[in-house]
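Colleague: Got a structure here, written out as structure tokens. Questions coming.
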There are 4 protein chains.
Amino acid sequence: MAATPRIARGPRIRAAPPQDKREAILDAAIRVFAKRGFFQAQVADMARNAGVAAGTVYLYFKGKDDVLVSVFERTMREAIDEARALVATVDDPVERLRRLAHLHLGRLGRHRDLAVVFQVELRQTTKFMEQFSAAQLREYLGIIRDVIAHGQAVGRMRPEVSPTLAAKMLFGALDEMATDWILSDRPRRLEGSADAVVDIFVRGIAPASTAGVEHAPDGPVA
Amino acid sequence: MAATPRIARGPRIRAAPPQDKREAILDAAIRVFAKRGFFQAQVADMARNAGVAAGTVYLYFKGKDDVLVSVFERTMREAIDEARALVATVDDPVERLRRLAHLHLGRLGRHRDLAVVFQVELRQTTKFMEQFSAAQLREYLGIIRDVIAHGQAVGRMRPEVSPTLAAKMLFGALDEMATDWILSDRPRRLEGSADAVVDIFVRGIAPASTAGVEHAPDGPVA
Amino acid sequence: MAATPRIARGPRIRAAPPQDKREAILDAAIRVFAKRGFFQAQVADMARNAGVAAGTVYLYFKGKDDVLVSVFERTMREAIDEARALVATVDDPVERLRRLAHLHLGRLGRHRDLAVVFQVELRQTTKFMEQFSAAQLREYLGIIRDVIAHGQAVGRMRPEVSPTLAAKMLFGALDEMATDWILSDRPRRLEGSADAVVDIFVRGIAPASTAGVEHAPDGPVA
Amino acid sequence: MAATPRIARGPRIRAAPPQDKREAILDAAIRVFAKRGFFQAQVADMARNAGVAAGTVYLYFKGKDDVLVSVFERTMREAIDEARALVATVDDPVERLRRLAHLHLGRLGRHRDLAVVFQVELRQTTKFMEQFSAAQLREYLGIIRDVIAHGQAVGRMRPEVSPTLAAKMLFGALDEMATDWILSDRPRRLEGSADAVVDIFVRGIAPASTAGVEHAPDGPVA
DNA sequence: TATGAATGAGCCTTCATTCAT
DNA sequence: AATGAATGAAGGCTCATTCAT
């Protein structure tokens with residue numbers, strides 16, 4: 001979303017076809033992983049869901065593991081790109097966090113299956129994930145960390161707080177909202193928790209002077 | 001703790017034995033689950049690790065699933081009991097949270113394998129966990145929530161914050177510390193993050209007036 | 001049944017005890033084999049049913065197989081003894097067959113579980129039965145065969161019929177009645193089929209002259 | 001039989017294959033069941049015998065049970081079809097029974113393994129067979145019963161005999177021949193007993209007047 | 001004798017992956 | 001590129017049997 005519009009340069013012959021199936025398989029995989037869990041999911045299910053034969057999966061992926069990793073990477077790439085684009089657009093540190101939280105919970109809230117895969121399945125597989133994609137997670141956390149560090153630099157956030165720890169803390173808090181949302185039955189909107197979480201968090205890392213000062217949730221910040 | 005000193009006499013023939021093996025299997029299971037992950041763990045491994053035959057596992061558990069559930073339940077029961085005992089001992093709301101955080105991270109930090117199982121394996125299996133033990137998780141969260149609600153009642157915490165949401169937020173933040181600790185290689189102490197997390201969190205939910213005020217860790221509060 | 005009343009001679013010290021359990025296990029085995037089938041039956045079930053511990057079974061039997069063989073042998077011994085006693089009492093060949101059929105179907109009809117074991121379980125296990133107890137089956141069939149041969153000798157049965165084949169035929173016919181009775185739900189009496197079967201059979205092997213002649217069921221034959 | 005001669009041309013690419021393996025597995029299963037017995041038979045053996053991998057069995061059958069049931073059903077279908085065809089061809093009631101007996105014993109005599117499975121294995125498994133295939137057995141018996149009932153209608157058989165009981169009796173007698181043949185070592189032909197059994201049986205249910213009268217085996221009856 | 005906890009060999013079944021078509 | 005029938009390794013679970021008590 002909000003992807004940098006690719007300048008239609010060059011012909012780009014043989015555009016979509018080959019990757020159509022790859023995408024279809026990834027989408028099907030998300031559904032199946034969400035419903036059955038990674039280990040219980042069968043490659044044949046993914047294939048059927050994607051409308052291809054089981055063998056075809058192996059034309060696009062090295063194996064079942066690779067499909068999961070690819071789901072992770074595709075999503076993280078999008079998330080990172082969106083987060084980067086957001087930071088480039090908004091200047092106020094607090095507003096940046098607020099919008100990042102909305103982005104995060106919004107994405108998961110819109111794709112429940114994706115949320116399940118990320119909150120539930122990817123954890124359990126962390127073991128083999130370590131070898132592959134920890135870098136992207138770090139990158140994502142790094143964006144939050146940098147926003148906080150920048151906030152400290154401009155005096156909007158308390159300097160003695162570790163930006164790294166604070167970033168993890170915010171991420172963890174949002175994560176818990178997502179996990180909780182998945183496990184609960186009530187059909188409330190996940191994104192609805194974003195402001196409250198960020199509010200508490202921002203107060204928590206606000207400089208002593210600003211504390212108590214209403215941090216203008218929606219005010220003319222950016 | 002402080003078990004009633006058994007008068008060293010009397011028959012007491014064949015007293016404890018039966019549960020020795022059950023505990024041994026649970027401990028072994030934690031090690032194996034931590035190393036291989038639930039689905040890749042083999043019952044035979046658990047048994048070997050516990051020093052019993054594979055079939056013996058089935059004398060104490062209904063199956064592999066039951067072992068995992070039992071690990072969860074045993075640990076949660078302990079955690080809940082400890083948390084309850086703590087709340088009964090300490091009165092200051094902020095101190096309660098600080099001590100709960102130490103308890104939480106301390107326990108996981110002391111048993112890395114247990115931490116892995118809880119942060120990684122139990123997530124992925126949430127699916128079948130839902131049916132069994134969601135109640136205990138809710139109970140644990142409920143303790144935190146009540147502490148916050150009480151803090152609000154006594155004016156130590158901002159009343160417009162949802163105690164439920166705040167509890168999840170704190171839990172999620174601590175959780176992320178644990179997950180991050182597991183995935184990182186540096187041998188720092190997990191419990192070391194407790195104060196920083198609680199500090200930010202407590203500031204985040206502090207009443208406007210108290211913000212910035214040092215939250216007298218052990219002072220004569222109650 | 002109708003066992004020759006043992007003259008109460010001698011003290012018979014230490015009478016029942018030792019074999020009480022053996023008998024109890026055999027009886028329990030019949031019930032369990034009938035309900036679950038030999039291969040699905042568990043030794044532990046038999047033991048529980050007999051009111052003893054699993055290990056006790058091995059004090060009286062070499063193993064599960066031996067229990068089945070013993071059930072067979074105990075029953076066959078009784079059947080053979082009864083059949084012999086009958087033949088010694090009755091002289092008329094036709095009446096002998098009639099009474100043998102009643103004995104056979106009566107015994108099975110009275111103990112449905114025993115019938116199930118004999119008609120169903122013992123067949124499938126014939127393989128390992130061959131090695132043990134084929135002899136007793138032959139002995140039982142031999143009694144029938146001898147009755148027929150005697151019937152031929154006294155002119156009551158057609159001489160050109162093979163007594164061996166005829167014996168098997170009668171046995172098979174009775175057997176089918178039992179099998180059918182087991183599989184059917186209707187609570188009719190198994191022994192009720194005895195006369196009809198024998199009637200047809202006896203006519204089938206009757207000398208040409210006697211055919212159609214009522215075979216004087218109980219009349220003064222001998 | 002007498003398959004329509006396929007014109008030897010045309011594409012006919014990949015015509016039969018799919019069921020080749022299924023049939024091969026069924027044939028192999030008969031051999032293995034005959035040799036080891038159902039419960040002792042291993043799926044892997046069946047597969048090896050059929051020249052396929054173990055997993056392949058599960059492409060054609062739901063499980064081991066299903067293989068046995070399928071053996072039964074395939075054979076019964078053939079037997080019933082043959083019996084029906086025979087009845088449609090022959091008119092004389094006695095001759096019908098004679099030919100049915102030959103068919104029955106001939107089939108088993110030609111395939112000793114099949115005979116073993118039918119006489120031995122299928123009995124012991126009657127328990128789970130009840131749920132599946134009792135109908136076909138009844139159908140088979142029904143054919144015999146109808147032949148007898150018809151024989152009574154045309155005055156060739158005694159009317160006071162129950163056709164159902166008589167059918168079971170004949171079936172049981174033939175059955176015993178087969179079982180006995182299996183257990184015996186002598187290499188005599190099983191089908192050789194057919195005439196003798198039918199002869200006795202037919203005399204047994206013959207009308208008083210006809211008794212003793214040679215039952216014109218092939219004469220112009222119908 | 002009797003017990004029953006413990007053993008561990010054995011096997012059915014699943015399913016990721018391959019490969020001939 | 002696509003298919004899907006075939007493969008075969010792998011592992012959870014059962015249960016007959018043993019043996020320390």
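Scheme for the structure tokens: letters A, B, ... for chains in order shown; per-chain residue numbers from 1; ligand numbers from 1 in order shown.
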Show me a table, sorted first by chain and then by increasing residue number, of the residues of chain D having an atom at most 12 Å from chain E, each with its shortest atom pair and the distance in Å to one decimal, counting only C-alpha atoms (C1' of nucleotides) and written as a Markdown table.
Modeller:
| residue | atom | partner | partner_atom | distance |
| --- | --- | --- | --- | --- |
| D:Ile13 | CA | E:DT21 | C1' | 11.8 |
| D:Arg14 | CA | E:DT21 | C1' | 10.9 |
| D:Phe39 | CA | E:DC11 | C1' | 10.8 |
| D:Gln40 | CA | E:DC11 | C1' | 10.0 |
| D:Ala41 | CA | E:DC11 | C1' | 10.1 |
| D:Gln42 | CA | E:DC11 | C1' | 7.4 |
| D:Val43 | CA | E:DC12 | C1' | 7.5 |
| D:Ala44 | CA | E:DC11 | C1' | 9.1 |
| D:Asp45 | CA | E:DC11 | C1' | 11.4 |
| D:Ala54 | CA | E:DT13 | C1' | 9.6 |
| D:Gly55 | CA | E:DT13 | C1' | 8.2 |
| D:Thr56 | CA | E:DT13 | C1' | 11.3 |
| D:Val57 | CA | E:DT13 | C1' | 10.4 |
| D:Tyr58 | CA | E:DT13 | C1' | 8.4 |
| D:Leu59 | CA | E:DT14 | C1' | 11.6 |
| D:Phe61 | CA | E:DT13 | C1' | 11.8 |
| D:Lys62 | CA | E:DT13 | C1' | 10.0 |
| D:Gly63 | CA | E:DT13 | C1' | 8.2 |
| D:Lys64 | CA | E:DC12 | C1' | 8.2 |
| D:Asp65 | CA | E:DC12 | C1' | 11.0 |
Colleague: All C-alpha atoms, paired in order, least-squares superposition of chain C on chain A: what RMSD does that give?
Modeller: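 With chain C fitted onto chain A, the C-alpha RMSD reads 0.8 Å.
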Colleague: Please, which residues in chain A fall within 6 Å of chain B when counting only C-alpha atoms, and what is the closest atom pair and distance in Å to one decimal for each, ordered by chain then residue number, as a Markdown table?
Modeller:
| residue | atom | partner | partner_atom | distance |
| --- | --- | --- | --- | --- |
| A:Val120 | CA | B:Gln124 | CA | 4.7 |
| A:Glu121 | CA | B:Gln124 | CA | 4.7 |
| A:Arg123 | CA | B:Val120 | CA | 5.1 |
| A:Gln124 | CA | B:Gln124 | CA | 4.4 |
| A:Met169 | CA | B:Ala173 | CA | 4.5 |
| A:Gly172 | CA | B:Ala173 | CA | 4.5 |
| A:Ala173 | CA | B:Gly172 | CA | 4.5 |
| A:Glu176 | CA | B:Gly172 | CA | 4.7 |
| A:Ile200 | CA | B:Gly204 | CA | 4.3 |
| A:Phe201 | CA | B:Gly204 | CA | 5.5 |
| A:Arg203 | CA | B:Gly204 | CA | 4.5 |
| A:Gly204 | CA | B:Gly204 | CA | 3.6 |
| A:Ile205 | CA | B:Ile200 | CA | 5.9 |
| A:Ala208 | CA | B:Gly212 | CA | 4.7 |
| A:Ala211 | CA | B:Ala211 | CA | 5.7 |
| A:Gly212 | CA | B:Ala208 | CA | 4.2 |
Colleague: Rounded to one decimal, what separation in Å do you get between CA of Ala135 in chain C and CA of Gly109 in chain D?
Modeller: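 Separation of CA of Ala135 in chain C and CA of Gly109 in chain D: 23.8 Å.
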Colleague: What are the nearest atom pairs, with distances in Å to one decimal, for all residues of chain F that come at most 10 Å from chain A, using only C-alpha atoms (C1' of nucleotides), set out by chain and rising residue number as JSON lines?
Modeller:
{"residue": "F:DA1", "atom": "C1'", "partner": "A:Leu59", "partner_atom": "CA", "distance": 8.5}
{"residue": "F:DA2", "atom": "C1'", "partner": "A:Thr56", "partner_atom": "CA", "distance": 6.4}
{"residue": "F:DT3", "atom": "C1'", "partner": "A:Ala53", "partner_atom": "CA", "distance": 6.1}
{"residue": "F:DG4", "atom": "C1'", "partner": "A:Ala53", "partner_atom": "CA", "distance": 6.9}
Colleague: Using DSSP secondary structure from the backbone, list all helix (DSSP H, G or I) positions within range 8-202 of chain C, as number ranges by chain.
Modeller: C: 17-36, 43-50, 54-60, 64-89, 93-110, 112-124, 126-153, 163-183, 190-202
Colleague: Just the residues within 9 Å of Gly192 in chain A, please, counting only C-alpha atoms (C1' of nucleotides), with nothing from its chain fewer than 6 positions along; format it as a list in words.
Modeller: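 Near neighbours after the sequence-gap exclusion: His102, Leu105 and Gly106 of chain A.
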Colleague: Rounded to one decimal, what separation in Å do you get between CA of Ile143 in chain D and CA of Arg84 in chain D?
Modeller: 7.5 Å
Colleague: Please indicate the distance in Å from CA of Gly142 in chain A to CA of Thr164 in chain A, rounded to one decimal place.
Modeller: 7.8 Å
